[in-house]
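A short write-up of the structure that comes next.
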Amino acid sequence: MAMKTFRPITPSRRHMTVDPKDDVTQNTPEKSLTKGLHRKTGRNSYGRITSRFRGGGSKKSYRTIDFKRDKVNVPGTVETIEYDPNRTCRIALVVYKDGERRYILAPVGLVVGDTIVSGPEAEIKVGNALPLQQIPVGTVIHNIEMNPGQGGSIARGAGAFAQIMGKEAGQAVLKMPSGELRMIRSVCYATVGQVGNLEHENTVIGKAGRYRWMGFKPRNRAVAMNPVDHPMGGGEGRSKSGAHPQSPTGVKAKGFKTRNKKKLSSKYIIRRKKEKGSGGIQ
């Protein structure tokens, strides 16, 4: 699936690319699996802005995705492949043998009419979900649980995948998309295959207005602000005031490690993504 390009009749059209959605088989979502999406425009539960320069954007409804894949040993048939405005990958509408419908992330190679199933006895096939202990070493997987029954939270974006590198003492060693080696309990579920819509990374926004449709507002430079608004603001001309680059709350922007050194999950990380020779998955 190639990205759609345009004749350069305007400067913004010259480099813009658009997803043609050739693989989408239905444009309207399943109504029973959608709900209204309340946008807080970058604010926390207290109403304070924690993510700046957000707001506006196109209105969209949320599609409820089955990340847990807890419909064990019940086969389902892929009914449609759909576009989801809330994520970069495609979603697949699956109708199970008992009549229930659920959305799942659509991996590469999954097409309408395919049959998928979840459970320890499932076949090693694209779209099937199994515990890590049942998946062979070297298999490409996505939608990986960090805790049993929690639902997949790793490798869910377009083109993302992890790889099983080994198993030992009830733990599976996974190589993440970032190159990080991490141990996860073997009873956690994962889905076989790579997340679809691989061409998403080739999207070129092309113009500022299209970024506004996505809910992003213009970003103001910190050095152009007043001291009351940002630690890097103030001064005559383009002065950085000798201050280290930092956020409005004073968190250093370069070289400052923000991960808690006492975090319990650190013991499961075998190799950090930034260590020499890590790289991406080969």
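Residue numbers start at 1 in each chain; chains themselves are named A, B, ... in the order of the structure tokens; ligands are numbered from 1 in the order shown.
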Could the residues of segment 53-154 of chain A that have an atom at most 12 Å from segment 198-204 of chain A be listed as a Markdown table, each with its closest atom pair and the distance in Å to one decimal, counting only C-alpha atoms and ordered by chain and ascending residue number?
```
| residue | atom | partner | partner_atom | distance |
| --- | --- | --- | --- | --- |
| A:Arg87 | CA | A:His200 | CA | 10.6 |
| A:Thr88 | CA | A:His200 | CA | 6.9 |
| A:Cys89 | CA | A:His200 | CA | 7.9 |
| A:Arg90 | CA | A:Leu198 | CA | 10.0 |
| A:Ala106 | CA | A:Leu198 | CA | 11.3 |
| A:Pro107 | CA | A:Leu198 | CA | 9.8 |
| A:Val108 | CA | A:Leu198 | CA | 8.2 |
| A:Gly109 | CA | A:Leu198 | CA | 11.3 |
```
Self-check item: Within 8 Å of segment 146-151 of chain A using only C-alpha atoms, minus same-chain residues under 4 positions, as a list of chain:residue names
Solution: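 Those residues are A:Phe67, A:Lys68, A:Arg69, A:Ile184, A:Arg185, A:Val187, A:Cys188, A:Tyr189.
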Could you name the residues that touch Val173 of chain A at 9 Å or less, counting only C-alpha atoms, but leaving out those on the same chain fewer than 3 positions away, as an mmCIF file with C-alpha atoms, in the first residue's frame?
```
data_model
loop_
_atom_site.group_PDB
_atom_site.id
_atom_site.type_symbol
_atom_site.label_atom_id
_atom_site.label_comp_id
_atom_site.auth_asym_id
_atom_site.auth_seq_id
_atom_site.Cartn_x
_atom_site.Cartn_y
_atom_site.Cartn_z
ATOM 1 C CA GLN A 163 10.760 -10.858 19.533
ATOM 2 C CA ILE A 164 11.156 -13.732 21.971
ATOM 3 C CA MET A 165 14.878 -14.252 22.559
ATOM 4 C CA GLY A 166 14.770 -16.961 25.236
ATOM 5 C CA LYS A 167 12.986 -18.478 28.228
ATOM 6 C CA GLU A 168 14.206 -19.328 31.711
ATOM 7 C CA LEU A 181 16.028 -6.695 26.497
ATOM 8 C CA ARG A 182 13.403 -7.272 29.129
ATOM 9 C CA MET A 183 12.039 -10.210 31.130
ATOM 10 C CA ILE A 184 8.277 -10.757 31.304
ATOM 11 C CA ARG A 185 6.443 -13.581 33.065
ATOM 12 C CA ILE A 270 18.500 -6.978 31.152
#
```
Exercise. Determine, counting only C-alpha atoms, which protein, DNA and RNA residues have an atom within 12 Å of an atom of Lys252 of chain A; residues of the same chain fewer than 5 positions away are not included. Present the result as an MDAnalysis selection string.
Key: chainID A and resid 231:232 243:247 257:258
Kindly save the residues from that selection, with N, CA and C atoms included, as a PDB file, in the first residue's frame.
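To be explicit, this is the file written out as selection_3.pdb:
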```
ATOM      1  N   PRO A 231      11.179  29.256  33.063  1.00  0.00           N
ATOM      2  CA  PRO A 231      12.515  29.539  33.630  1.00  0.00           C
ATOM      3  C   PRO A 231      13.515  30.049  32.596  1.00  0.00           C
ATOM      4  N   MET A 232      13.301  29.740  31.314  1.00  0.00           N
ATOM      5  CA  MET A 232      14.239  30.170  30.280  1.00  0.00           C
ATOM      6  C   MET A 232      13.824  31.493  29.633  1.00  0.00           C
ATOM      7  N   ALA A 243      20.986  29.559  31.288  1.00  0.00           N
ATOM      8  CA  ALA A 243      20.289  28.487  32.001  1.00  0.00           C
ATOM      9  C   ALA A 243      20.313  27.199  31.179  1.00  0.00           C
ATOM     10  N   HIS A 244      20.375  26.086  31.875  1.00  0.00           N
ATOM     11  CA  HIS A 244      20.307  24.789  31.220  1.00  0.00           C
ATOM     12  C   HIS A 244      18.896  24.600  30.663  1.00  0.00           C
ATOM     13  N   PRO A 245      18.743  24.031  29.444  1.00  0.00           N
ATOM     14  CA  PRO A 245      17.397  23.782  28.902  1.00  0.00           C
ATOM     15  C   PRO A 245      16.561  22.966  29.874  1.00  0.00           C
ATOM     16  N   GLN A 246      15.355  23.438  30.149  1.00  0.00           N
ATOM     17  CA  GLN A 246      14.512  22.786  31.145  1.00  0.00           C
ATOM     18  C   GLN A 246      13.041  23.037  30.842  1.00  0.00           C
ATOM     19  N   SER A 247      12.207  22.281  31.524  1.00  0.00           N
ATOM     20  CA  SER A 247      10.765  22.419  31.356  1.00  0.00           C
ATOM     21  C   SER A 247      10.249  23.557  32.230  1.00  0.00           C
ATOM     22  N   LYS A 257      18.333  12.064  33.786  1.00  0.00           N
ATOM     23  CA  LYS A 257      17.568  10.831  33.806  1.00  0.00           C
ATOM     24  C   LYS A 257      16.324  11.014  34.675  1.00  0.00           C
ATOM     25  N   THR A 258      15.155  10.748  34.097  1.00  0.00           N
ATOM     26  CA  THR A 258      13.907  10.952  34.818  1.00  0.00           C
ATOM     27  C   THR A 258      13.356   9.654  35.410  1.00  0.00           C
TER      28      THR A 258
END
```
Quiz item: Contacts of Tyr83 of chain A at 12 Å or less, counting only C-alpha atoms, minus same-chain residues fewer than 3 places along, as a ChimeraX atom specification?
Solution: /A:19-30,60-63,80,86-93,103-106,158,196-197
Print the selection's residues with N, CA and C atoms to a file, as a compact mmCIF listing (two decimals), in the first residue's frame.
```
# COMPACT_ATOMS: atom_id res chain seq x y z
N ASP A 19 -2.64 8.73 3.76
CA ASP A 19 -2.93 7.30 3.77
C ASP A 19 -4.18 7.04 2.93
N PRO A 20 -4.08 6.27 1.86
CA PRO A 20 -5.25 6.04 1.00
C PRO A 20 -6.28 5.08 1.61
N LYS A 21 -5.88 4.35 2.66
CA LYS A 21 -6.79 3.42 3.35
C LYS A 21 -7.33 2.34 2.40
N ASP A 22 -6.46 1.84 1.54
CA ASP A 22 -6.88 0.80 0.60
C ASP A 22 -7.26 -0.50 1.29
N ASP A 23 -6.69 -0.75 2.47
CA ASP A 23 -6.95 -2.00 3.18
C ASP A 23 -8.20 -1.94 4.05
N VAL A 24 -8.81 -0.76 4.17
CA VAL A 24 -10.02 -0.60 4.99
C VAL A 24 -11.22 -1.12 4.22
N THR A 25 -12.00 -2.01 4.85
CA THR A 25 -13.15 -2.62 4.17
C THR A 25 -14.48 -2.03 4.62
N GLN A 26 -14.48 -1.23 5.69
CA GLN A 26 -15.72 -0.62 6.16
C GLN A 26 -15.40 0.73 6.80
N ASN A 27 -16.20 1.75 6.46
CA ASN A 27 -15.93 3.10 6.93
C ASN A 27 -16.66 3.47 8.21
N THR A 28 -17.77 2.81 8.50
CA THR A 28 -18.53 3.12 9.72
C THR A 28 -18.23 2.08 10.79
N PRO A 29 -17.94 2.51 12.03
CA PRO A 29 -17.60 1.55 13.08
C PRO A 29 -18.81 0.82 13.64
N GLU A 30 -18.57 -0.25 14.34
CA GLU A 30 -19.62 -1.00 15.04
C GLU A 30 -20.14 -0.14 16.20
N LYS A 60 -13.99 12.86 17.32
CA LYS A 60 -13.91 11.43 17.02
C LYS A 60 -14.47 10.63 18.17
N SER A 61 -14.96 9.45 17.88
CA SER A 61 -15.47 8.55 18.90
C SER A 61 -14.44 7.46 19.18
N TYR A 62 -14.49 6.91 20.38
CA TYR A 62 -13.51 5.90 20.79
C TYR A 62 -14.02 4.51 20.47
N ARG A 63 -13.16 3.70 19.88
CA ARG A 63 -13.46 2.30 19.61
C ARG A 63 -12.90 1.44 20.74
N THR A 80 -14.40 -7.33 9.41
CA THR A 80 -13.99 -6.12 8.68
C THR A 80 -12.62 -5.67 9.17
N ASN A 86 -8.02 6.94 16.65
CA ASN A 86 -7.37 7.06 17.96
C ASN A 86 -6.02 6.37 18.02
N ARG A 87 -5.62 5.67 16.94
CA ARG A 87 -4.35 4.94 16.95
C ARG A 87 -3.78 4.90 15.54
N THR A 88 -2.54 4.52 15.43
CA THR A 88 -1.86 4.54 14.14
C THR A 88 -2.10 3.28 13.32
N CYS A 89 -2.50 2.19 13.96
CA CYS A 89 -2.70 0.93 13.23
C CYS A 89 -4.17 0.75 12.87
N ARG A 90 -4.44 -0.28 12.09
CA ARG A 90 -5.81 -0.64 11.77
C ARG A 90 -6.38 -1.53 12.88
N ILE A 91 -7.69 -1.62 12.91
CA ILE A 91 -8.35 -2.52 13.84
C ILE A 91 -9.22 -3.49 13.05
N ALA A 92 -9.41 -4.68 13.60
CA ALA A 92 -10.20 -5.72 12.94
C ALA A 92 -11.42 -6.04 13.80
N LEU A 93 -12.58 -6.07 13.17
CA LEU A 93 -13.81 -6.46 13.87
C LEU A 93 -13.96 -7.97 13.77
N TYR A 103 -13.34 -5.69 18.83
CA TYR A 103 -12.26 -5.13 18.02
C TYR A 103 -10.92 -5.63 18.55
N ILE A 104 -10.00 -5.95 17.64
CA ILE A 104 -8.62 -6.26 18.02
C ILE A 104 -7.69 -5.46 17.10
N LEU A 105 -6.42 -5.36 17.49
CA LEU A 105 -5.44 -4.73 16.63
C LEU A 105 -5.19 -5.63 15.42
N ALA A 106 -5.15 -5.04 14.24
CA ALA A 106 -4.99 -5.83 13.02
C ALA A 106 -3.52 -5.99 12.68
N ALA A 158 1.52 1.19 14.99
CA ALA A 158 1.69 0.70 13.63
C ALA A 158 3.12 0.22 13.38
N GLY A 196 -0.02 -4.05 11.97
CA GLY A 196 -0.14 -3.64 10.57
C GLY A 196 0.01 -2.15 10.33
N ASN A 197 -0.34 -1.73 9.12
CA ASN A 197 -0.23 -0.35 8.65
C ASN A 197 1.21 0.14 8.69
```
Quiz item: Taking only C-alpha atoms into account, which of A:Ala222, A:Ala208, A:Ala160, A:Ile135 comes nearest Ser186 of chain A?
Solution: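 Selected residue with least distance to Ser186 of chain A: A:Ile135.
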Exercise. Apply DSSP to the backbone of this structure and, from segment 49-277 of chain A, keep only the residues in strand (DSSP E); write these as a ChimeraX atom specification.
Key: /A:61-63,76-82,91-96,101-105,115-116,129-131,140-142,144-145,152-154,162-168,171-175,181-185,189-192,269-271
Quiz item: Which residue, A:Ile141, A:Gly152, A:Thr10, A:Gly42, has the smallest gap to Asp70 of chain A when you use only C-alpha atoms?
Solution: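 The closest residue to Asp70 of chain A is A:Gly152.
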Exercise. From the DSSP assignment of the backbone, select every residue of segment 22-264 of chain A that is alpha helix (DSSP H), and format the answer as a list in words.
Key: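 Answer for segment 22-264 of chain A restricted to alpha helix (DSSP H) is Ala208, Gly209, Arg210, Tyr211, Arg212 and Trp213 of chain A.
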Exercise. Go through A:Pro85, A:Pro131, A:Pro11, A:Pro75 one by one, measure the shortest atom-to-atom distance of each to Thr115 of chain A using only C-alpha atoms, and give the residue with the smallest value.
Key: A:Pro75
Quiz item: Hey, can you check how far atom CA of Val126 of chain A sits from atom CA of Gly193 of chain A?
Solution: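 Taking atom CA of Val126 of chain A as the start and atom CA of Gly193 of chain A as the end point, the length is 5.0 Å.
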Quiz item: What is the atom CA of Lys273 of chain A to atom CA of Lys175 of chain A distance in Å?
Solution: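 Computing it gives 9.7 Å between the two atoms.
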Quiz prompt | Closest of A:Asn128, A:Gln171, A:Ser153, A:Asn143 to Val78 of chain A - atom-to-atom distances counting only C-alpha atoms | solution =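 Looking at the shortest contact to Val78 of chain A, the residue is A:Asn128.
The space between atom CA of Gly234 of chain A and atom CA of Pro248 of chain A spans 13.3 Å.
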Quiz item: Restricting the calculation to only C-alpha atoms, which member of A:Lys267, A:Asp84, A:Ala169, A:Thr41 is positioned closest to Gly57 of chain A?
Solution: A:Thr41
Quiz item: Quick one: of A:Gly215, A:Ala253, A:Gln133, A:Asp98, who's nearest to Lys40 of chain A, counting only C-alpha atoms?
Solution: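 Using only C-alpha atoms, Lys40 of chain A sits closest to A:Gly215.
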